[in-house]
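A.B. asks: Here it is: the structure, laid out below.
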Amino acid sequence: MMDSGGNSLPSGPDGVKRKVSYFYDPEVGNYYYGQGHPMKPHRIRMTHALLAHYGLLQHMQVLKPVPARDRDICRFHADDYVSFLRGITPETQQDQLRQLKRFNVGEDCPVFDGLYSFCQTYAGGSLGGAVKLNHGLCDIAINWAGGLHHAKKCEASGFCYVNDIVLAILELLKVHERVLYVDIDIHHGDGVEEAFYTTDRVMTVSFHKFGDYFPGTGDIRDIGYGKGKYYSLNVPLDDGIDDESYQSLFRPIMGKVMEIFKPGAVVLQCGADSLSGDRLGCFNLSIRGHAECVKYMRSFNVPLLLVGGGGYTIRNVARCWCYETGVALGIELDDKMPQHEYFEYFGPDYTLHVAPSNMENKNSRPMLEDIRAKLLENLSSLQHAPSVPFQERPPDTELPEEDEDQQDPDERWDPHSDMEVDDNRPISMRNRVKREIMEPDLKDSEDVKEPVDRARDIAVSYGSGNTSMKAQSMGVDQPDGCVKMEVDSSNKPPDQPGDMNS
């Protein structure tokens, strides 16, 4: 079924197997945005079922995320916004109309049962991945439930409530001087860009559809502000972009970014709405073309956090993230899909890969060359990695220590991995993430609300651009949502203990 090394690039270091930590909460597929809403957390459960039946779980450390606490979420988000999310329920929302409007919750970002627990779960996975990477306990951490890149400091946006990516980057900044964020969702990664718009410690690079499209930001001329000037890169694309056109930009741009910025860690948002045939998207990437971005970022051997994001044709989202998990592991998967509980979603061919369409590619070669030249020119303004004098270092985030009876000798690292963990560190340092090895217990299919992913007329407006549209260039004024890096925002206030599980 699998050729264990087939997916590694031929270059030297890339042939080495990676240690992968995979975060998954079996409850995540039960959260439901409501009838007709295109965002379906059930796609995470479908992805997990594919991983189980392809036999990939046994090659990774499988972890149940510790839910992010209020104080973790408040490292980026405003206290009153977090209190609102914690308290709002479908029953009480009618009494809070002013607050709903103020925090942009209601249409694209509905109130649903368990909303705050959902946020804590997906944010906990990204934070847990960042902490694992910070302690050198894995090479790649994966949280397909995360990647909610539109959420702002004090408002929801584009189906996103808590910006798990910003929280994970703040965690990575405790150990790494520079962190790179790359976004291949079809929508501009506006929430993450805005948070780090004025710092040179985080570079954000977003490849997205631009022009009369949600969220309206991401102009090639938006390059960062103040110390952050040239540390935001935007790659505006048009409908129908295919694998070849996409890679003609992605590889040269990301190669130059890695050479010049020299990040200590990379966060890659793998939104699958840039795939061909997405219910809300208009690109024409194949799963292999999308995964080529993962393969390329993996090849630099820099600690890598992979998160999910958009993706609204859910059978293709599951295909994509399953295949990309294989890429992370260096395992090539059979195209013939194994039988499993969601098998009927993948008919009529029951294959992992789907052919892109014959839609017109509106990205002409001259246009692509012009974008590439402009961005490479911006990058040449950076030439040297900025030196970051470390102020006092914030305390490490402690992860909950395990009971000794949880120290399962069958910790699922790939037994053939060539990368050794430094096991001379104290036990308390080695086992910081609450570990729950998830057996592929796949009996939870009965709570799927919509067994078939049907396209239908929907009342939400994502894609038509009315949610929190901020199309103005952000280069004029420092945006409100910026994390204040000058005061080393990676520091937690002194009254916050570092334990993520209290």
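For the structure tokens, the naming scheme is as follows: chains receive sequential letters (A, B, ...) according to their order of presentation, residues are indexed from 1 within each chain, and ligands are indexed from 1 in presentation order.
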Need to verify the contact set: Leu56 (chain A), 10 Å, only C-alpha atoms, exclusion of same-chain residues closer than 2 positions in sequence. Can you return it as JSON, numbers by chain?

C.D. replies: {"A": [2, 48, 50, 51, 52, 53, 54, 58, 59, 60, 322, 325, 326, 329, 331, 333, 414]}

A.B. asks: Per DSSP on the backbone, filter region 98-286 of chain A down to the residues in strand (DSSP E or B) and report them as a PyMOL selection string.

C.D. replies: chain A and resi 140-143+152+155+157+160+179-183+202-209+232-237+265-269+275+285

A.B. asks: Determine the nearest neighbour of Cys74 (chain A) from the options A:Asn163, A:Gln61, A:Asn378, A:Thr92, counting only C-alpha atoms.

C.D. replies: A:Asn163

A.B. asks: Might you pull out every residue within 6 Å of Leu268 (chain A), with only C-alpha atoms counted and same-chain residues fewer than 4 positions away left off, and present them as a PyMOL selection string?

C.D. replies: chain A and resi 182-183+306

A.B. asks: Using the selection just defined, write its residues with N, CA and C atoms as a PDB file, in the first residue's frame.

C.D. replies:
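Output file part_37.pdb follows:
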```
ATOM      1  N   VAL A 182       3.575  31.230   6.357  1.00  0.00           N
ATOM      2  CA  VAL A 182       3.253  31.069   4.934  1.00  0.00           C
ATOM      3  C   VAL A 182       1.810  30.592   4.834  1.00  0.00           C
ATOM      4  N   ASP A 183       1.038  31.170   3.919  1.00  0.00           N
ATOM      5  CA  ASP A 183      -0.400  30.924   3.840  1.00  0.00           C
ATOM      6  C   ASP A 183      -0.782  30.589   2.399  1.00  0.00           C
ATOM      7  N   LEU A 306       2.298  22.631  10.738  1.00  0.00           N
ATOM      8  CA  LEU A 306       1.298  22.601   9.669  1.00  0.00           C
ATOM      9  C   LEU A 306      -0.082  22.748  10.289  1.00  0.00           C
TER      10      LEU A 306
END
```

A.B. asks: Of the candidates A:Asn134, A:Asn361, A:Thr313, A:Ser157, which one gets nearest to Glu244 (chain A) if we count only C-alpha atoms?

C.D. replies: A:Asn361

A.B. asks: As a PyMOL selection string, please: the residues near Tyr22 (chain A) (cut-off 6 Å, only C-alpha atoms, same-chain neighbours under 3 positions excluded).

C.D. replies: chain A and resi 62-63+141-142

A.B. asks: As a ChimeraX atom specification, please: all residues of region 100-333 of chain A that backbone DSSP puts in alpha helix (DSSP H).

C.D. replies: /A:100-102,115-134,164-172,190-195,243-261,287-298,314-329

A.B. asks: Need to verify the contact set: Ser364 (chain A), 12 Å, only C-alpha atoms, exclusion of same-chain residues closer than 2 positions in sequence. Can you return it as a ChimeraX atom specification?

C.D. replies: /A:237-242,244-246,248,360-362,366-371

A.B. asks: Selected residues, N, CA and C atoms, written as a compact mmCIF listing (two decimals), in the first residue's frame, please.

C.D. replies:
```
# COMPACT_ATOMS: atom_id res chain seq x y z
N LEU A 237 -3.29 36.70 -6.71
CA LEU A 237 -3.48 35.81 -7.86
C LEU A 237 -4.89 35.92 -8.39
N ASP A 238 -5.08 35.44 -9.62
CA ASP A 238 -6.40 35.50 -10.25
C ASP A 238 -6.97 34.08 -10.38
N ASP A 239 -8.21 34.01 -10.86
CA ASP A 239 -8.91 32.73 -10.98
C ASP A 239 -8.12 31.71 -11.81
N GLY A 240 -8.34 30.44 -11.48
CA GLY A 240 -7.89 29.35 -12.35
C GLY A 240 -6.42 29.03 -12.29
N ILE A 241 -5.70 29.53 -11.29
CA ILE A 241 -4.26 29.24 -11.26
C ILE A 241 -4.04 27.74 -11.12
N ASP A 242 -3.08 27.21 -11.89
CA ASP A 242 -2.81 25.77 -11.89
C ASP A 242 -1.48 25.49 -11.19
N GLU A 244 1.46 24.48 -12.17
CA GLU A 244 2.70 24.99 -12.75
C GLU A 244 2.86 26.49 -12.49
N SER A 245 1.79 27.24 -12.71
CA SER A 245 1.84 28.69 -12.46
C SER A 245 2.11 28.98 -10.99
N TYR A 246 1.45 28.22 -10.12
CA TYR A 246 1.59 28.45 -8.68
C TYR A 246 3.03 28.21 -8.24
N SER A 248 5.64 28.35 -10.07
CA SER A 248 6.57 29.31 -10.68
C SER A 248 6.74 30.53 -9.78
N GLU A 360 -10.26 28.12 -17.27
CA GLU A 360 -9.25 29.03 -17.81
C GLU A 360 -8.35 29.54 -16.68
N ASN A 361 -7.05 29.55 -16.95
CA ASN A 361 -6.09 30.14 -16.01
C ASN A 361 -5.94 31.62 -16.39
N LYS A 362 -6.48 32.50 -15.54
CA LYS A 362 -6.43 33.94 -15.86
C LYS A 362 -5.10 34.59 -15.47
N PRO A 366 3.22 36.81 -18.31
CA PRO A 366 3.79 38.14 -18.00
C PRO A 366 3.36 38.66 -16.64
N MET A 367 2.07 38.41 -16.29
CA MET A 367 1.58 38.86 -14.99
C MET A 367 2.33 38.15 -13.85
N LEU A 368 2.53 36.85 -14.00
CA LEU A 368 3.23 36.07 -12.97
C LEU A 368 4.69 36.53 -12.86
N GLU A 369 5.30 36.80 -14.02
CA GLU A 369 6.71 37.24 -13.99
C GLU A 369 6.83 38.60 -13.32
N ASP A 370 5.83 39.45 -13.56
CA ASP A 370 5.83 40.78 -12.95
C ASP A 370 5.70 40.68 -11.42
N ILE A 371 4.80 39.82 -10.96
CA ILE A 371 4.62 39.62 -9.51
C ILE A 371 5.91 39.08 -8.90
```

A.B. asks: Which polymer residues have any atom within 9 Å of an atom of Val354 (chain A), counting only C-alpha atoms, with same-chain residues fewer than 2 positions away left out, as a PyMOL selection string?

C.D. replies: chain A and resi 276+286-287+316+319+349+351-352+356

A.B. asks: For N, CA, C and O atoms, I'd like the residues from the last selection saved as a PDB file, in the first residue's frame.

C.D. replies:
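Result file follows (out.pdb):
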```
ATOM      1  N   SER A 276      -8.694  22.818  -6.786  1.00  0.00           N
ATOM      2  CA  SER A 276      -9.696  22.786  -7.850  1.00  0.00           C
ATOM      3  C   SER A 276     -11.019  22.240  -7.308  1.00  0.00           C
ATOM      4  O   SER A 276     -11.039  21.302  -6.514  1.00  0.00           O
ATOM      5  N   SER A 286      -4.193  20.962  -8.097  1.00  0.00           N
ATOM      6  CA  SER A 286      -4.397  19.556  -7.743  1.00  0.00           C
ATOM      7  C   SER A 286      -3.908  19.354  -6.312  1.00  0.00           C
ATOM      8  O   SER A 286      -3.227  20.215  -5.738  1.00  0.00           O
ATOM      9  N   ILE A 287      -4.244  18.191  -5.751  1.00  0.00           N
ATOM     10  CA  ILE A 287      -3.764  17.885  -4.396  1.00  0.00           C
ATOM     11  C   ILE A 287      -2.238  17.798  -4.407  1.00  0.00           C
ATOM     12  O   ILE A 287      -1.567  18.302  -3.504  1.00  0.00           O
ATOM     13  N   ASN A 316     -12.590  16.641  -0.649  1.00  0.00           N
ATOM     14  CA  ASN A 316     -11.266  17.008  -1.170  1.00  0.00           C
ATOM     15  C   ASN A 316     -10.357  17.555  -0.075  1.00  0.00           C
ATOM     16  O   ASN A 316      -9.136  17.402  -0.143  1.00  0.00           O
ATOM     17  N   ARG A 319      -8.960  14.469   1.555  1.00  0.00           N
ATOM     18  CA  ARG A 319      -7.953  13.894   0.651  1.00  0.00           C
ATOM     19  C   ARG A 319      -6.639  14.668   0.780  1.00  0.00           C
ATOM     20  O   ARG A 319      -5.558  14.098   0.902  1.00  0.00           O
ATOM     21  N   ASP A 349     -15.021   7.414  -7.925  1.00  0.00           N
ATOM     22  CA  ASP A 349     -13.747   6.726  -8.215  1.00  0.00           C
ATOM     23  C   ASP A 349     -13.024   6.212  -6.978  1.00  0.00           C
ATOM     24  O   ASP A 349     -12.138   5.390  -7.096  1.00  0.00           O
ATOM     25  N   THR A 351     -10.705   7.444  -5.118  1.00  0.00           N
ATOM     26  CA  THR A 351      -9.252   7.633  -5.203  1.00  0.00           C
ATOM     27  C   THR A 351      -8.850   8.815  -4.325  1.00  0.00           C
ATOM     28  O   THR A 351      -9.692   9.666  -3.985  1.00  0.00           O
ATOM     29  N   LEU A 352      -7.569   8.861  -4.000  1.00  0.00           N
ATOM     30  CA  LEU A 352      -7.048   9.955  -3.178  1.00  0.00           C
ATOM     31  C   LEU A 352      -6.919  11.232  -4.002  1.00  0.00           C
ATOM     32  O   LEU A 352      -7.163  12.332  -3.515  1.00  0.00           O
ATOM     33  N   PRO A 356      -7.571  18.083 -11.785  1.00  0.00           N
ATOM     34  CA  PRO A 356      -8.033  19.474 -11.852  1.00  0.00           C
ATOM     35  C   PRO A 356      -8.959  19.652 -13.059  1.00  0.00           C
ATOM     36  O   PRO A 356      -9.041  18.786 -13.924  1.00  0.00           O
TER      37      PRO A 356
END
```
